[in-house]
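Below is my_file08.txt, holding compact mmCIF, C-alpha atoms.
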# COMPACT_ATOMS: atom_id res chain seq x y z
CA MET A 1 156.83 259.73 263.11
CA ILE A 2 158.14 258.41 259.81
CA THR A 3 159.37 254.82 260.08
CA GLY A 4 161.66 252.80 257.86
CA THR A 5 158.63 251.24 256.18
CA ASP A 6 157.22 254.70 255.54
CA GLN A 7 160.47 255.82 253.95
CA ALA A 8 160.55 252.76 251.70
CA HIS A 9 157.03 253.46 250.40
CA LEU A 10 157.79 257.15 249.99
CA THR A 11 160.94 256.32 248.03
CA GLU A 12 158.86 254.18 245.70
CA ALA A 13 156.42 257.07 245.25
CA ILE A 14 159.33 259.35 244.31
CA GLU A 15 160.56 256.79 241.79
CA LEU A 16 157.06 256.58 240.31
CA ALA A 17 157.00 260.36 239.95
CA LYS A 18 160.07 260.12 237.71
CA GLU A 19 157.94 258.25 235.17
CA GLY A 20 156.44 261.66 234.35
CA LEU A 21 159.82 263.37 234.00
CA TYR A 22 159.27 264.18 230.32
CA THR A 23 155.51 264.66 230.15
CA THR A 24 153.78 266.29 233.13
CA THR A 25 154.72 269.90 232.40
CA PRO A 26 153.42 272.43 233.32
CA ASN A 27 152.26 270.32 236.27
CA PRO A 28 154.76 269.03 238.83
CA ARG A 29 155.91 265.42 238.79
CA VAL A 30 154.10 263.36 241.42
CA GLY A 31 154.00 259.71 242.43
CA CYS A 32 151.75 257.94 244.94
CA VAL A 33 151.72 254.59 246.73
CA ILE A 34 148.76 253.28 248.74
CA ALA A 35 149.88 250.77 251.36
CA SER A 36 148.87 248.98 254.52
CA GLY A 37 151.94 248.12 256.53
CA ASN A 38 154.43 246.47 254.18
CA GLN A 39 151.77 245.58 251.62
CA VAL A 40 151.39 247.88 248.62
CA LEU A 41 147.76 248.15 247.53
CA GLY A 42 147.98 250.64 244.70
CA ARG A 43 150.44 252.71 242.69
CA GLY A 44 150.08 255.76 240.46
CA TRP A 45 151.95 258.62 238.87
CA HIS A 46 150.96 261.76 237.03
CA GLN A 47 151.46 261.28 233.32
CA TRP A 48 150.06 264.22 231.32
CA ALA A 49 148.57 267.57 232.38
CA GLY A 50 144.79 267.31 232.33
CA GLN A 51 144.79 263.59 233.10
CA ASP A 52 144.38 261.87 236.47
CA HIS A 53 146.85 262.92 239.14
CA ALA A 54 149.04 260.35 240.89
CA GLU A 55 146.72 259.99 243.89
CA ILE A 56 143.69 259.28 241.71
CA ARG A 57 145.53 256.64 239.72
CA ALA A 58 146.82 254.98 242.89
CA LEU A 59 143.35 255.00 244.46
CA LYS A 60 141.86 253.41 241.33
CA ASP A 61 144.61 250.79 241.45
CA ALA A 62 143.90 250.03 245.11
CA GLY A 63 140.12 250.00 244.76
CA GLN A 64 138.13 249.35 247.94
CA ASP A 65 141.29 248.23 249.73
CA ALA A 66 142.28 251.91 250.05
CA ALA A 67 139.89 252.40 253.00
CA GLY A 68 141.92 252.58 256.20
CA ALA A 69 145.25 252.55 254.35
CA THR A 70 148.12 255.06 254.16
CA ALA A 71 148.84 257.18 251.08
CA TYR A 72 152.47 258.04 250.35
CA VAL A 73 152.68 261.04 248.01
CA SER A 74 155.90 262.63 246.74
CA LEU A 75 154.27 266.10 246.69
CA GLU A 76 151.50 267.62 248.78
CA PRO A 77 148.07 266.61 247.39
CA CYS A 78 146.33 269.41 245.52
CA SER A 79 143.33 271.08 247.13
CA ILE A 80 142.18 273.21 244.20
CA HIS A 81 139.86 272.76 241.24
CA GLY A 82 141.86 272.94 238.01
CA ARG A 83 141.58 270.66 235.01
CA THR A 84 140.85 267.93 237.56
CA THR A 85 139.11 267.81 240.94
CA PRO A 86 141.15 268.12 244.18
CA CYS A 87 143.13 265.06 245.20
CA THR A 88 142.47 265.86 248.85
CA ASP A 89 138.76 265.28 248.25
CA ALA A 90 139.48 261.90 246.64
CA LEU A 91 141.73 260.77 249.50
CA ILE A 92 139.11 261.75 252.07
CA ALA A 93 136.29 260.05 250.12
CA ALA A 94 138.34 256.84 249.77
CA GLY A 95 138.69 256.53 253.55
CA ILE A 96 142.47 257.03 253.67
CA LYS A 97 143.49 257.28 257.33
CA ARG A 98 147.04 258.60 257.00
CA VAL A 99 149.04 260.54 254.40
CA VAL A 100 152.84 260.77 254.26
CA VAL A 101 154.02 263.64 252.05
CA GLY A 102 157.50 264.01 250.57
CA ALA A 103 157.43 267.79 250.08
CA LEU A 104 155.08 270.75 250.30
CA ASP A 105 153.72 272.15 247.05
CA PRO A 106 155.12 275.70 246.68
CA ASP A 107 152.09 276.76 244.62
CA PRO A 108 150.52 279.45 246.86
CA ARG A 109 147.08 278.07 246.05
CA VAL A 110 148.08 274.76 247.65
CA ASN A 111 151.07 275.34 249.94
CA GLY A 112 150.01 273.83 253.29
CA LYS A 113 146.32 274.05 252.42
CA GLY A 114 146.24 270.49 251.13
CA LEU A 115 147.65 269.16 254.39
CA GLY A 116 145.28 271.39 256.34
CA GLN A 117 142.26 269.99 254.52
CA LEU A 118 143.37 266.44 255.24
CA LYS A 119 143.92 267.19 258.92
CA ALA A 120 140.49 268.83 259.12
CA ALA A 121 139.05 265.50 257.94
CA ASN A 122 140.83 263.73 260.84
CA ILE A 123 143.46 262.19 258.58
CA GLU A 124 146.89 261.81 260.16
CA VAL A 125 149.51 263.70 258.15
CA ASP A 126 153.31 263.41 258.24
CA LEU A 127 155.61 265.68 256.20
CA ALA A 128 159.00 264.14 255.35
CA ASN A 129 160.68 267.15 253.71
CA ASP A 130 162.55 264.63 251.57
CA GLU A 131 165.38 266.16 249.51
CA HIS A 132 164.79 263.76 246.62
CA ALA A 133 161.11 264.68 246.51
CA GLN A 134 162.02 268.36 246.46
CA ALA A 135 164.62 267.86 243.69
CA LEU A 136 161.98 266.34 241.41
CA ASN A 137 160.35 269.72 240.90
CA LEU A 138 163.09 272.33 241.12
CA GLY A 139 161.62 274.26 238.21
CA HIS A 140 158.07 274.21 239.55
CA ARG A 141 159.34 275.43 242.91
CA GLN A 142 161.45 278.21 241.39
CA ARG A 143 158.62 279.42 239.15
CA MET A 144 156.27 279.62 242.11
CA VAL A 145 158.78 281.34 244.41
CA LEU A 146 160.82 283.55 242.05
CA ALA A 147 158.47 283.78 239.04
CA ARG A 148 161.13 282.44 236.68
CA PRO A 149 162.06 278.95 235.45
CA TRP A 150 165.03 276.84 236.49
CA VAL A 151 167.67 277.55 233.84
CA ARG A 152 170.19 274.99 232.65
CA VAL A 153 172.95 276.11 230.28
CA LYS A 154 174.33 273.26 228.19
CA MET A 155 177.82 273.51 226.67
CA ALA A 156 180.32 271.13 225.04
CA ALA A 157 184.04 271.81 225.02
CA SER A 158 187.49 270.36 224.62
CA LEU A 159 189.80 269.92 227.60
CA ASP A 160 191.31 273.31 226.88
CA GLY A 161 187.88 274.93 227.09
CA ARG A 162 187.26 275.44 223.37
CA THR A 163 183.90 275.04 221.64
CA ALA A 164 184.83 275.39 217.98
CA MET A 165 187.76 275.97 215.68
CA ALA A 166 188.52 279.55 214.66
CA SER A 167 186.65 278.86 211.40
CA GLY A 168 183.52 277.95 213.37
CA GLU A 169 183.82 274.20 212.73
CA SER A 170 182.37 272.41 215.76
CA GLN A 171 180.67 269.18 214.66
CA TRP A 172 181.46 267.14 216.54
CA ILE A 173 183.54 267.89 219.63
CA THR A 174 181.86 265.22 221.75
CA GLY A 175 180.93 261.66 220.82
CA PRO A 176 177.54 260.04 220.08
CA ALA A 177 176.85 258.98 223.69
CA ALA A 178 177.23 262.52 225.02
CA ARG A 179 175.08 263.96 222.24
CA GLN A 180 172.44 261.32 222.95
CA ASP A 181 172.40 262.36 226.60
CA VAL A 182 171.42 265.89 225.57
CA GLN A 183 168.09 264.44 224.43
CA HIS A 184 167.30 263.64 228.07
CA TRP A 185 167.78 267.27 229.09
CA ARG A 186 165.72 268.57 226.18
CA ALA A 187 162.93 266.13 226.88
CA GLN A 188 162.50 267.19 230.50
CA SER A 189 162.63 270.90 229.62
CA CYS A 190 159.58 273.04 229.02
CA ALA A 191 161.54 275.25 226.61
CA VAL A 192 164.84 275.15 224.74
CA VAL A 193 166.47 278.55 224.19
CA THR A 194 169.07 279.48 221.60
CA GLY A 195 170.35 282.58 219.84
CA VAL A 196 170.02 283.67 216.23
CA GLY A 197 173.78 283.23 215.83
CA THR A 198 173.46 279.51 216.51
CA VAL A 199 170.50 279.26 214.12
CA LEU A 200 172.51 280.93 211.34
CA ALA A 201 175.75 279.04 212.01
CA ASP A 202 174.59 275.52 212.89
CA ASP A 203 170.94 275.29 211.71
CA PRO A 204 169.94 273.08 214.69
CA ARG A 205 166.57 271.38 215.10
CA LEU A 206 166.51 271.55 218.93
CA ASN A 207 163.79 268.92 219.11
CA VAL A 208 163.41 265.64 221.00
CA ARG A 209 164.06 262.60 218.82
CA ASP A 210 164.99 259.88 221.34
CA HIS A 211 161.99 257.59 221.76
CA ARG A 212 163.29 256.47 225.14
CA CYS A 213 161.85 259.82 226.26
CA ALA A 214 158.40 258.92 224.89
CA CYS A 215 155.31 258.16 226.96
CA ASP A 216 152.58 256.00 225.44
CA GLY A 217 154.51 256.24 222.20
CA LYS A 218 154.36 260.06 222.15
CA LEU A 219 157.22 262.52 222.39
CA ARG A 220 156.43 265.87 224.01
CA GLN A 221 158.27 268.63 222.19
CA PRO A 222 159.50 271.57 224.31
CA LEU A 223 158.78 275.11 223.21
CA ARG A 224 161.68 276.32 221.04
CA VAL A 225 162.74 279.90 221.74
CA ILE A 226 165.09 281.97 219.57
CA LEU A 227 166.61 285.18 220.92
CA ASP A 228 166.76 287.31 217.79
CA SER A 229 166.82 291.07 218.34
CA ARG A 230 166.35 291.99 214.67
CA LEU A 231 164.28 289.02 213.46
CA ARG A 232 167.03 287.63 211.21
CA SER A 233 166.09 283.95 211.58
CA PRO A 234 165.53 282.48 208.09
CA ALA A 235 162.11 280.91 207.56
CA ASN A 236 163.69 277.79 206.06
CA ALA A 237 165.78 277.03 209.18
CA GLN A 238 165.29 273.50 210.56
CA VAL A 239 164.23 274.84 213.96
CA PHE A 240 160.88 275.87 212.44
CA GLU A 241 160.05 272.39 211.18
CA PRO A 242 157.18 270.59 212.97
CA PRO A 243 156.33 269.15 215.36
CA GLY A 244 156.47 271.76 218.08
CA THR A 245 156.08 275.50 218.48
CA VAL A 246 158.64 278.26 218.02
CA VAL A 247 158.73 281.67 219.68
CA ILE A 248 161.11 284.47 218.74
CA ALA A 249 162.05 286.95 221.46
CA HIS A 250 163.12 290.17 219.78
CA ALA A 251 163.98 293.76 220.64
CA GLY A 252 161.13 296.28 220.58
CA ALA A 253 162.46 298.01 217.48
CA ALA A 254 161.83 294.91 215.33
CA THR A 255 158.19 294.90 214.26
CA ALA A 256 158.03 293.00 210.96
CA GLY A 257 157.06 289.66 212.48
CA HIS A 258 158.00 286.20 211.27
CA PRO A 259 156.04 283.79 209.05
CA LYS A 260 156.76 280.68 211.16
CA ALA A 261 156.92 281.87 214.75
CA GLU A 262 155.15 283.90 217.36
CA CYS A 263 157.16 287.05 218.02
CA ILE A 264 157.32 288.65 221.46
CA PRO A 265 159.17 291.87 222.35
CA CYS A 266 161.63 291.48 225.22
CA GLY A 267 163.76 294.59 225.57
CA THR A 268 164.37 297.72 223.50
CA GLU A 269 167.75 297.71 221.73
CA GLN A 270 168.61 294.07 222.49
CA VAL A 271 166.83 291.10 224.00
CA ASP A 272 166.55 291.32 227.79
CA LEU A 273 167.26 287.85 229.22
CA ALA A 274 165.39 288.48 232.48
CA GLN A 275 162.32 289.55 230.51
CA VAL A 276 162.53 286.40 228.41
CA LEU A 277 162.52 284.23 231.53
CA THR A 278 159.59 286.19 232.98
CA ARG A 279 157.62 285.65 229.78
CA LEU A 280 158.43 281.94 229.83
CA ALA A 281 157.30 281.68 233.46
CA GLU A 282 154.03 283.32 232.41
CA ARG A 283 153.70 280.49 229.90
CA HIS A 284 154.08 278.04 232.81
CA CYS A 285 157.58 276.92 231.84
CA ASN A 286 159.27 275.24 234.79
CA GLU A 287 162.62 274.21 233.31
CA VAL A 288 164.54 275.88 230.49
CA LEU A 289 167.53 274.48 228.62
CA VAL A 290 169.86 277.01 226.96
CA GLU A 291 171.74 275.57 223.97
CA ALA A 292 173.69 278.49 222.58
CA GLY A 293 177.08 279.88 221.68
CA SER A 294 179.69 281.42 223.93
CA ALA A 295 178.20 284.93 223.90
CA LEU A 296 174.65 284.02 224.94
CA ALA A 297 175.74 281.30 227.36
CA GLY A 298 178.20 283.74 228.90
CA ALA A 299 175.46 286.36 229.24
CA PHE A 300 173.24 283.97 231.22
CA LEU A 301 176.08 283.25 233.64
CA LYS A 302 177.24 286.85 233.91
CA GLU A 303 173.70 288.08 234.66
CA GLY A 304 173.22 285.44 237.35
CA LEU A 305 170.47 283.68 235.40
CA CYS A 306 172.10 280.25 235.15
CA ASP A 307 170.96 277.84 237.87
CA GLU A 308 172.80 274.83 236.51
CA LEU A 309 175.59 274.34 233.97
CA ILE A 310 175.68 271.08 232.02
CA LEU A 311 179.20 270.84 230.60
CA TYR A 312 180.38 268.01 228.34
CA LEU A 313 184.17 267.69 228.12
CA ALA A 314 185.84 265.79 225.29
CA PRO A 315 189.37 264.36 225.75
CA LYS A 316 190.92 266.50 223.05
CA PHE A 317 192.64 269.86 222.62
CA LEU A 318 191.61 272.38 219.96
CA GLY A 319 194.41 274.88 220.48
CA ALA A 320 194.81 278.54 221.36
CA GLN A 321 193.16 279.86 218.18
CA ALA A 322 189.91 277.96 218.76
CA ARG A 323 186.84 279.69 220.14
CA PRO A 324 186.45 279.98 223.94
CA LEU A 325 183.77 278.36 226.05
CA LEU A 326 182.24 281.60 227.34
CA GLU A 327 182.51 285.24 226.32
CA VAL A 328 182.75 286.77 229.78
CA PRO A 329 185.36 289.57 229.89
CA LEU A 330 187.23 289.38 233.20
CA ASP A 331 190.29 291.33 234.31
CA ARG A 332 191.11 289.84 237.71
CA LEU A 333 191.01 286.39 239.25
CA GLU A 334 188.64 287.62 241.96
CA GLN A 335 186.04 288.24 239.24
CA ALA A 336 185.95 284.57 238.28
CA LEU A 337 182.52 282.97 238.05
CA ALA A 338 182.79 280.11 240.52
CA GLY A 339 180.37 277.23 240.83
CA GLU A 340 180.19 273.86 242.57
CA ILE A 341 180.53 270.53 240.76
CA VAL A 342 177.60 268.40 241.95
CA GLU A 343 177.93 265.48 239.54
CA VAL A 344 180.46 263.93 237.19
CA GLU A 345 179.42 261.15 234.81
CA ARG A 346 181.07 259.49 231.83
CA PHE A 347 179.44 259.08 228.41
CA GLY A 348 181.69 257.10 226.11
CA PRO A 349 185.03 258.94 226.03
CA ASP A 350 183.49 262.18 227.30
CA LEU A 351 182.68 263.54 230.74
CA ARG A 352 179.52 265.35 231.76
CA LEU A 353 179.85 267.81 234.62
CA ARG A 354 176.89 269.37 236.37
CA LEU A 355 177.61 272.58 238.24
CA THR A 356 175.44 274.88 240.33
CA GLY A 357 175.89 277.90 242.57
CA PHE A 358 176.99 280.53 240.04
Could I get this structure in the form of structure tokens?
Amino acid sequence: MITGTDQAHLTEAIELAKEGLYTTTPNPRVGCVIASGNQVLGRGWHQWAGQDHAEIRALKDAGQDAAGATAYVSLEPCSIHGRTTPCTDALIAAGIKRVVVGALDPDPRVNGKGLGQLKAANIEVDLANDEHAQALNLGHRQRMVLARPWVRVKMAASLDGRTAMASGESQWITGPAARQDVQHWRAQSCAVVTGVGTVLADDPRLNVRDHRCACDGKLRQPLRVILDSRLRSPANAQVFEPPGTVVIAHAGAATAGHPKAECIPCGTEQVDLAQVLTRLAERHCNEVLVEAGSALAGAFLKEGLCDELILYLAPKFLGAQARPLLEVPLDRLEQALAGEIVEVERFGPDLRLRLTGF
């Protein structure tokens, strides 16, 4: 049975896991607390792939006091040999007597096996199925279950749903605070996806520049992905500037290659979005942020490939001649793409809406 004290320690473990929000990819975010009753003996969180997992760091922090204590872990301890040794082995060797787990690891190599190994060593195990623990690793879970990343589509619009003037002028619809918030979403993403139209029109960098997203002074740059059927992206575009890696997904007919990017075929006549996501999952991408124009953003929603819409709304009107938010031809109201607003937050004069369920 999970007590109030257990829940308090588990909540702290979940908060510790968030310290790796921008850095742990492709590994899941995990936090761990070692405690005896109300007393916390050790804390740890997973920082970078290839380095100590949360349980190992917490055990090192607790030292010999870990023997006979309880480990609170936001995600099921791993039971496989990867870049590091299994955390289950370390918990058993340290003399941990009980483990409280926030959520099962959906990785089929681990799922339930970690708990089984602990139970086989006569360690008491309690599974909380905590919604906050599960939410930490939506992308990891989706990649393991559906073999595709969690896709967020980011858009900015006026109150009348316009993203640019008829001329294409769009900088800036939203204010500095809203644009700064976008850095948070980029930083936690494994890849940022855009279209060649955006590259040609806006020449974006699509990199992470906010040092509040740094860990140990380092910024992890997400993979930058351009959907460019005919390989028209100019080599001098800012998106190709270091640091970071760029991939161009093109149609099979384009074979010339690109001097500054790896080129991968995804589709025949035009880029196949589902294929792109499959290829990104194969690269162990858990979360993908789409920053694109109305056509590409609309295609992700229309094809049912948008898991979450991040929409910034500025308190201004651009008029009937301005460009629409999404290019999704619809004839009847019953065809409307309906989602659920799960969060509304203010950034300066602008609102950020998060929607799911499309």
Practice prompt. Compile the contact shell of A:Val73 as number ranges by chain: residues with an atom at most 9 Å away, counting all atoms listed in the file, same-chain residues fewer than 3 positions apart removed.
Written response: A: 10, 13-14, 30-34, 54-55, 76-77, 99-103
Item to complete: Report the distance between atom CA of A:Ala235 and atom CA of A:Leu305 in Å, rounded to one decimal place.
Response: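 Straight-line distance from atom CA of A:Ala235 to atom CA of A:Leu305 works out to 29.2 Å.
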Using only C-alpha atoms, determine which residues lie at most 12 Å from A:Gln39, disregarding the query and same-chain residues fewer than 4 positions distant; provide the list as a PDB file with C-alpha atoms, in the frame of the given file.
ATOM      1  CA  THR A   5     158.630 251.240 256.180  1.00  0.00           C
ATOM      2  CA  ASP A   6     157.220 254.700 255.540  1.00  0.00           C
ATOM      3  CA  ALA A   8     160.550 252.760 251.700  1.00  0.00           C
ATOM      4  CA  HIS A   9     157.030 253.460 250.400  1.00  0.00           C
ATOM      5  CA  VAL A  33     151.720 254.590 246.730  1.00  0.00           C
ATOM      6  CA  ILE A  34     148.760 253.280 248.740  1.00  0.00           C
ATOM      7  CA  ALA A  35     149.880 250.770 251.360  1.00  0.00           C
ATOM      8  CA  ARG A  43     150.440 252.710 242.690  1.00  0.00           C
ATOM      9  CA  ALA A  62     143.900 250.030 245.110  1.00  0.00           C
ATOM     10  CA  ASP A  65     141.290 248.230 249.730  1.00  0.00           C
ATOM     11  CA  ALA A  66     142.280 251.910 250.050  1.00  0.00           C
ATOM     12  CA  ALA A  69     145.250 252.550 254.350  1.00  0.00           C
ATOM     13  CA  THR A  70     148.120 255.060 254.160  1.00  0.00           C
ATOM     14  CA  ALA A  71     148.840 257.180 251.080  1.00  0.00           C
TER      15      ALA A  71
END
Discussion item. Between atom CA of A:Arg209 and atom CA of A:Ala133, what distance in Å does the model show, to one decimal?
Written reply: 27.9 Å
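The neighbours of A:Glu303 here are the residues that come within 10 Å of it, using all atoms listed in the file and leaving out any residue fewer than 5 positions away in the same chain; they are Leu273, Ala274, Gly298 and Phe358 of chain A.
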Practice prompt. Between A:Gly37, A:Pro28, A:Pro86, A:Gly68, single out the one closest to A:Gln7, counting only C-alpha atoms.
Written response: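 Looking at the shortest contact to A:Gln7, the residue is A:Gly37.
For the atom pair formed by atom CA of A:Ser189 and atom CA of A:Ala251, the distance is 24.6 Å, given to one decimal.
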Practice prompt. Kindly extract all protein, DNA and RNA residues lying within 12 Å of the coordinates (177.3, 284.3, 229.2) given in the file, considering all atoms listed in the file, and supply them as a PyMOL selection string.
Written response: chain A and resi 153-155+195+273+290-306+309+324-330+337+358
Item to complete: Skip stretch 345-355 of chain A itself and residues of its chain fewer than 6 positions away, then list as a PyMOL selection string all residues within 12 Å of it, counting all atoms listed in the file.
Response: chain A and resi 151-159+173-182+185+301+306-316+337-339
Excluding A:Ala253 and residues on its chain fewer than 3 positions from it, collect all residues at most 9 Å away from it, counting only C-alpha atoms, and give them as an mmCIF file with C-alpha atoms, in the coordinates of the input.
data_model
loop_
_atom_site.group_PDB
_atom_site.id
_atom_site.type_symbol
_atom_site.label_atom_id
_atom_site.label_comp_id
_atom_site.auth_asym_id
_atom_site.auth_seq_id
_atom_site.Cartn_x
_atom_site.Cartn_y
_atom_site.Cartn_z
ATOM 1 C CA SER A 229 166.820 291.070 218.340
ATOM 2 C CA ARG A 230 166.350 291.990 214.670
ATOM 3 C CA HIS A 250 163.120 290.170 219.780
ATOM 4 C CA PRO A 265 159.170 291.870 222.350
ATOM 5 C CA GLY A 267 163.760 294.590 225.570
ATOM 6 C CA THR A 268 164.370 297.720 223.500
ATOM 7 C CA GLU A 269 167.750 297.710 221.730
ATOM 8 C CA GLN A 270 168.610 294.070 222.490
#
Practice prompt. Measuring atom to atom with only C-alpha atoms, identify which of A:Leu289, A:Ala261, A:Ala164, A:Cys78 is nearest to A:Val193.
Written response: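 Among the listed residues, the smallest separation from A:Val193 belongs to A:Leu289.
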Worksheet item: Quick one: of A:Thr85, A:Ser79, A:Asn137, A:Ser233, who's nearest to A:Leu115, counting all atoms listed in the file?
Response: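 Ranking A:Thr85, A:Ser79, A:Asn137, A:Ser233 by distance to A:Leu115, first place goes to A:Ser79.
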Item to complete: Give the answer as one residue: which of A:Ala320, A:Ile2, A:Ala254, A:Asp52 has the shortest atom-to-atom distance to A:Asn129, using all atoms listed in the file?
Response: A:Ile2
Fill in: Which residue of A:Cys215, A:Lys119, A:Val239, A:Leu200 approaches A:His46 most closely, using only C-alpha atoms
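The shortest atom-to-atom distance to A:His46 comes from A:Cys215.
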Report, as lines of an AutoDock Vina configuration file, the axis-aligned box around all atoms of stretch 43-61 of chain A present in the file, extended by 5 Å on each side; give centre and edge lengths in Å to one decimal place.
center_x = 146.9
center_y = 259.2
center_z = 237.9
size_x = 20.1
size_y = 26.8
size_z = 23.1
